[in-house]
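Coordinates as given in input_15.txt (compact mmCIF, C-alpha atoms):
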```txt
# COMPACT_ATOMS: atom_id res chain seq x y z
CA MET U 2 15.91 2.53 20.61
CA SER U 3 19.07 1.27 22.00
CA GLU U 4 21.33 -0.31 24.52
CA SER U 5 24.77 0.70 25.62
CA ALA U 6 24.20 2.50 28.79
CA PRO U 7 21.71 0.95 31.17
CA SER U 8 18.99 -0.34 28.92
CA LYS U 9 16.26 0.18 26.45
CA ALA U 10 12.72 -0.97 26.10
CA GLN U 11 12.80 -4.51 24.81
CA SER U 12 10.29 -4.85 22.15
CA ASP U 13 10.36 -6.16 18.66
CA GLY U 14 12.14 -2.98 17.77
CA ALA U 15 13.29 -0.92 20.73
CA PRO U 16 16.82 -1.18 22.12
CA GLY U 17 17.07 -2.45 25.66
CA THR U 18 17.25 -5.65 27.67
CA GLY U 19 16.42 -6.77 31.09
CA ASP U 20 14.06 -7.87 33.83
CA GLY U 21 12.23 -4.73 34.97
CA GLU U 22 8.66 -4.72 33.71
CA SER U 23 5.85 -2.22 33.37
CA PRO U 24 2.14 -2.78 32.65
CA PRO U 25 1.02 -2.42 29.02
CA PRO U 26 -1.15 0.71 28.91
CA PRO U 27 -2.88 1.66 25.63
CA PRO U 28 -2.43 2.70 22.95
CA GLY U 29 1.18 1.54 22.47
CA GLY U 30 0.62 -1.76 24.25
CA LEU U 31 -2.36 -2.66 22.09
CA LEU U 32 -0.58 -1.58 18.92
CA PHE U 33 2.36 -3.83 19.78
CA ARG U 34 0.15 -6.74 20.79
CA TYR U 35 -1.66 -6.62 17.44
CA ARG U 36 1.34 -5.47 15.40
CA ASN U 37 0.98 -8.37 12.94
CA THR U 38 -2.53 -7.23 12.01
CA LEU U 39 -1.20 -4.41 9.84
CA GLY U 40 1.21 -6.72 8.03
CA VAL U 41 -1.52 -9.26 7.29
CA ALA U 42 -3.89 -6.56 6.03
CA ILE U 43 -1.26 -5.06 3.74
CA SER U 44 -0.25 -8.52 2.44
CA VAL U 45 -3.85 -9.38 1.55
CA PHE U 46 -4.24 -6.03 -0.19
CA LEU U 47 -1.03 -6.42 -2.22
CA VAL U 48 -2.06 -9.85 -3.47
CA ALA U 49 -5.80 -9.34 -3.94
CA PHE U 50 -6.21 -5.75 -5.15
CA PRO U 51 -6.47 -6.12 -8.94
CA PHE U 52 -6.32 -2.50 -10.10
CA TRP U 53 -3.44 -0.19 -10.99
CA ARG U 54 -0.94 -3.06 -10.97
CA ALA U 55 2.17 -2.48 -13.07
CA PRO U 56 3.43 -5.39 -15.23
CA LEU U 57 6.24 -7.41 -13.68
CA LEU U 58 9.54 -6.16 -15.05
CA ALA U 59 13.09 -7.30 -14.38
CA TRP U 60 13.93 -4.20 -12.37
CA HIS U 61 10.88 -4.81 -10.18
CA LEU U 62 12.31 -8.20 -9.24
CA VAL U 63 15.76 -6.80 -8.58
CA LEU U 64 14.55 -3.84 -6.53
CA GLY U 65 11.87 -5.77 -4.64
CA LEU U 66 14.11 -8.69 -3.72
CA SER U 67 16.93 -6.29 -2.76
CA LEU U 68 14.65 -4.40 -0.37
CA VAL U 69 13.41 -7.63 1.20
CA ALA U 70 16.98 -8.90 1.61
CA LEU U 71 18.06 -5.55 3.07
CA GLY U 72 15.23 -5.60 5.59
CA ILE U 73 15.96 -9.18 6.68
CA SER U 74 19.68 -8.41 7.01
CA LEU U 75 18.95 -5.36 9.14
CA ARG U 76 16.66 -7.38 11.43
CA LEU U 77 19.32 -10.05 11.87
CA TRP U 78 21.91 -7.38 12.64
CA CYS U 79 19.59 -6.02 15.32
CA ILE U 80 19.01 -9.44 16.87
CA LEU U 81 22.77 -10.01 16.99
CA GLN U 82 22.97 -6.92 19.22
CA ILE U 83 19.98 -7.45 21.51
CA GLY U 84 19.85 -11.25 21.41
CA GLY U 85 17.03 -13.07 23.14
CA SER U 86 16.12 -9.98 25.16
CA ALA U 87 13.93 -8.52 22.39
CA ARG U 88 10.39 -8.69 23.71
CA LYS U 89 7.54 -10.54 22.08
CA THR U 90 4.85 -9.31 24.47
CA SER U 91 3.42 -5.87 25.19
CA ARG U 92 5.22 -5.64 28.55
CA LEU U 93 8.25 -3.35 28.57
CA LYS U 94 11.55 -4.39 30.13
CA ALA U 95 15.13 -3.18 29.93
CA VAL U 96 18.46 -3.16 31.76
CA ARG U 97 20.54 -0.94 29.53
CA ILE U 98 20.35 1.36 26.52
CA ILE U 99 21.61 -0.36 23.38
CA SER U 100 23.38 2.26 21.32
CA TRP U 101 25.77 0.30 19.13
CA GLY U 102 25.52 -1.44 15.78
CA PRO U 103 22.29 -0.53 13.93
CA TYR U 104 21.06 1.26 17.05
CA ALA U 105 23.80 3.84 16.54
CA ILE U 106 22.36 4.60 13.10
CA VAL U 107 18.69 4.93 14.04
CA ARG U 108 16.80 4.37 17.30
CA ASN U 109 14.26 1.89 15.89
CA PRO U 110 16.10 -0.22 13.30
CA ILE U 111 13.86 -3.30 13.61
CA TYR U 112 10.78 -1.26 12.75
CA VAL U 113 12.70 0.32 9.87
CA ALA U 114 13.67 -3.20 8.74
CA ASN U 115 10.05 -4.41 8.81
CA THR U 116 8.94 -1.42 6.75
CA THR U 117 11.75 -2.06 4.25
CA ILE U 118 10.66 -5.69 3.83
CA PHE U 119 7.08 -4.65 3.07
CA ALA U 120 8.28 -1.94 0.69
CA GLY U 121 10.03 -4.73 -1.21
CA PHE U 122 6.85 -6.80 -1.32
CA THR U 123 4.95 -3.76 -2.55
CA VAL U 124 7.36 -3.37 -5.46
CA LEU U 125 7.06 -7.07 -6.31
CA SER U 126 3.26 -6.87 -6.21
CA GLY U 127 3.30 -4.20 -8.92
CA HIS U 128 1.49 -1.64 -6.75
CA LEU U 129 4.29 0.90 -6.96
CA TRP U 130 1.86 3.75 -6.30
CA ALA U 131 1.13 2.19 -2.88
CA ILE U 132 4.72 2.38 -1.57
CA PRO U 133 4.21 5.77 0.16
CA LEU U 134 0.93 4.50 1.67
CA VAL U 135 2.62 1.35 3.00
CA ILE U 136 5.46 3.35 4.53
CA LEU U 137 3.02 5.85 6.04
CA GLY U 138 0.87 3.05 7.46
CA PHE U 139 3.80 1.36 9.18
CA TRP U 140 5.12 4.68 10.44
CA ALA U 141 1.77 5.60 12.00
CA TRP U 142 1.43 2.19 13.66
CA TYR U 143 5.00 1.97 14.90
CA ASP U 144 5.11 5.57 16.06
CA GLY U 145 2.44 4.82 18.64
CA ILE U 146 4.46 1.85 19.90
CA VAL U 147 7.71 3.81 19.95
CA ARG U 148 6.36 6.73 21.94
CA ARG U 149 5.28 4.36 24.70
CA GLU U 150 8.70 2.69 24.68
CA GLU U 151 10.46 6.04 24.78
CA LYS U 152 8.39 7.17 27.77
CA PHE U 153 9.40 3.99 29.60
CA LEU U 154 13.08 4.52 28.79
CA GLN U 155 13.01 8.18 29.74
CA GLU U 156 11.60 7.25 33.13
CA SER U 157 13.94 4.28 33.63
CA PHE U 158 17.21 5.77 32.36
CA PRO U 159 16.69 9.55 32.17
CA GLU U 160 20.29 10.66 31.61
CA ASP U 161 21.42 7.77 29.41
CA TYR U 162 18.35 7.89 27.22
CA ARG U 163 18.43 11.67 26.92
CA ALA U 164 22.02 11.48 25.63
CA TYR U 165 21.15 8.65 23.25
CA ALA U 166 18.07 10.39 21.85
CA ALA U 167 20.02 13.60 21.34
CA SER U 168 22.58 11.83 19.15
CA THR U 169 20.39 9.34 17.26
CA SER U 170 17.23 10.01 15.26
CA ARG U 171 14.02 8.12 15.92
CA TRP U 172 13.40 7.31 12.24
CA ILE U 173 15.99 8.96 9.97
CA PRO U 174 19.19 6.89 9.63
CA SER U 175 22.53 8.61 10.02
CA ILE U 176 26.00 7.54 8.95
CA ARG U 177 27.63 6.62 12.24
CA PHE U 178 28.78 3.44 13.88
CA SER U 179 29.54 2.33 17.41
CA HIS U 180 31.15 -0.96 18.44
CA ARG U 181 29.68 -3.31 21.00
CA PRO U 182 31.18 -2.82 24.48
CA ALA U 183 33.90 -5.41 25.12
CA GLU U 184 32.20 -6.65 28.30
CA ILE U 185 29.01 -7.65 26.43
CA PRO U 186 29.41 -10.96 24.56
CA PRO U 187 28.09 -11.27 20.99
CA TYR U 188 24.88 -13.17 20.36
CA PRO U 189 25.46 -16.40 18.35
CA PHE U 190 24.48 -16.05 14.70
CA LEU U 191 22.78 -19.47 14.54
CA ARG U 192 20.64 -18.56 17.56
CA ALA U 193 19.69 -15.31 15.83
CA LEU U 194 18.62 -17.29 12.76
CA LYS U 195 16.61 -19.64 14.95
CA ARG U 196 14.93 -16.74 16.68
CA GLU U 197 13.98 -15.23 13.31
CA ARG U 198 12.88 -18.51 11.74
CA GLY U 199 9.23 -17.49 11.80
CA LEU U 200 9.99 -14.33 9.85
CA LEU U 201 12.23 -16.19 7.39
CA ILE U 202 9.53 -18.79 6.74
CA ALA U 203 6.84 -16.13 6.32
CA VAL U 204 8.99 -14.11 3.91
CA SER U 205 9.88 -17.21 1.89
CA VAL U 206 6.22 -18.21 1.57
CA GLY U 207 5.20 -14.64 0.76
CA LEU U 208 7.83 -14.27 -1.95
CA SER U 209 6.84 -17.60 -3.50
CA MET U 210 3.16 -16.62 -3.54
CA VAL U 211 3.66 -13.14 -4.96
CA ILE U 212 6.11 -14.17 -7.67
CA CYS U 213 4.12 -17.31 -8.55
CA PHE U 214 0.84 -15.45 -8.79
CA ARG U 215 2.38 -12.79 -10.96
CA LEU U 216 4.31 -15.09 -13.30
CA VAL U 217 1.89 -18.01 -13.52
CA PHE U 218 -1.46 -16.25 -13.30
CA GLY U 219 -0.38 -12.92 -14.73
CA LEU U 220 -1.58 -10.99 -11.69
```

Let me see whether you can do it: turn the structure in this file into structure tokens.
Amino acid sequence: MSESAPSKAQSDGAPGTGDGESPPPPPGGLLFRYRNTLGVAISVFLVAFPFWRAPLLAWHLVLGLSLVALGISLRLWCILQIGGSARKTSRLKAVRIISWGPYAIVRNPIYVANTTIFAGFTVLSGHLWAIPLVILGFWAWYDGIVRREEKFLQESFPEDYRAYAASTSRWIPSIRFSHRPAEIPPYPFLRALKRERGLLIAVSVGLSMVICFRLVFGL
């Protein structure tokens, strides 16, 4: 979601920043709280499932690494817009709707970025047939989170969010761009990197494991 008018739900993927909070009712709150569970399950499957694995080809490396890099870049772009206000808990908070940068292209760019990263890992694992299943799994999980966030934003900023939702798709990217309002300072790039250090470490370890297993052990 986004932030350019008064705010958006601050979550690992929704646009918005601020101090107002709401209790975390299920199912969206629980899905967000245990959002890493799906990623861990898919990672274990990609590494351990031995059947229907395509041999590692050069174009698999190029495509897989490109998707991972694209997903990481998109996440960093998002963090540069929302800064430290992106939530890490199931409580919703927001002070404005973020509708610039990647949030002008799609309402949930961080969730799109996460899905893109795992699509890249799926290619590198050789389970090309599983790409639609991985995308569908993330969509189903994130959709539950997003609908809770959207309800919060609709109640908090009815006019601003209605206008934003009418111009920007929930999941399908569009070719449009909006600049950050001049009164809102940019978030420092080094702080964005620091905030994403956990993701960067996890991706680096994951890439090393997948590529090593496939090249060294022929998996």

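Minimum atom-to-atom distances from U:Ile106, U:Ala183, U:Val135, U:Ile80 to U:Gly121 were compared using only C-alpha atoms, and the lowest value belongs to U:Val135.
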
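For the set U:Leu58, U:Ile83, U:Val45, U:Leu64, the residue with the smallest atom-to-atom gap to U:Val96 is U:Ile83, counting all atoms listed in the file.
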
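Picture a line from atom CA of U:Ala55 to atom CA of U:Arg215; it runs 10.5 Å.
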
For U:Gly207, find every residue with an atom within 10 Å (counting only C-alpha atoms), except residues of its own chain fewer than 5 positions away, and show them as JSON, numbers by chain. {"U": [44, 48, 122, 201, 202, 212, 213]}

Pick from U:Leu39, U:Ala70, U:Ala105, U:Leu57, whichever lies nearest to U:His128 using all atoms listed in the file: U:Leu57

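Note that the spacing between atom CA of U:Gly72 and atom CA of U:Thr116 amounts to 7.6 Å.
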
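As for atom CA of U:Glu160 and atom CA of U:Arg97, they are spaced 11.8 Å apart.
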
Nearest to U:Arg76: which of U:Phe139, U:Asp144, U:Tyr104, U:Gln155 is it, counting only C-alpha atoms? U:Tyr104

Using only C-alpha atoms, the shortest atom-to-atom distance to U:Glu151 among U:Pro51, U:Arg108, U:Pro189, U:Gly84 belongs to U:Arg108

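Summary of the local environment: counting only C-alpha atoms, residues at most 12 Å from U:Leu191, other than itself and those fewer than 3 positions away along its chain, are Leu77, Ile80, Leu81, Gly84, Pro187, Tyr188, Leu194, Lys195, Arg196, Glu197 and Arg198 of chain U.
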
Generate a file of the selected residues that holds C-alpha atoms, formatted as a PDB file, keeping the file's coordinate frame.
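Ended up saving to out08.pdb:
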```
ATOM      1  CA  LEU U  77      19.320 -10.050  11.870  1.00  0.00           C
ATOM      2  CA  ILE U  80      19.010  -9.440  16.870  1.00  0.00           C
ATOM      3  CA  LEU U  81      22.770 -10.010  16.990  1.00  0.00           C
ATOM      4  CA  GLY U  84      19.850 -11.250  21.410  1.00  0.00           C
ATOM      5  CA  PRO U 187      28.090 -11.270  20.990  1.00  0.00           C
ATOM      6  CA  TYR U 188      24.880 -13.170  20.360  1.00  0.00           C
ATOM      7  CA  LEU U 194      18.620 -17.290  12.760  1.00  0.00           C
ATOM      8  CA  LYS U 195      16.610 -19.640  14.950  1.00  0.00           C
ATOM      9  CA  ARG U 196      14.930 -16.740  16.680  1.00  0.00           C
ATOM     10  CA  GLU U 197      13.980 -15.230  13.310  1.00  0.00           C
ATOM     11  CA  ARG U 198      12.880 -18.510  11.740  1.00  0.00           C
TER      12      ARG U 198
END
```

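Distances to U:Ile146 were evaluated for U:Gln82, U:Asn109, U:Val69, U:Ala167 using only C-alpha atoms, and the minimum falls at U:Asn109.
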
Using all atoms listed in the file, determine which residues lie at most 10 Å from U:Ser67, disregarding the query and same-chain residues fewer than 5 positions distant; provide the list as a compact mmCIF listing (two decimals) with C-alpha atoms, keeping the file's coordinate frame.
```txt
# COMPACT_ATOMS: atom_id res chain seq x y z
CA HIS U 61 10.88 -4.81 -10.18
CA LEU U 62 12.31 -8.20 -9.24
CA GLY U 72 15.23 -5.60 5.59
CA ILE U 73 15.96 -9.18 6.68
CA THR U 117 11.75 -2.06 4.25
CA ILE U 118 10.66 -5.69 3.83
CA GLY U 121 10.03 -4.73 -1.21
```
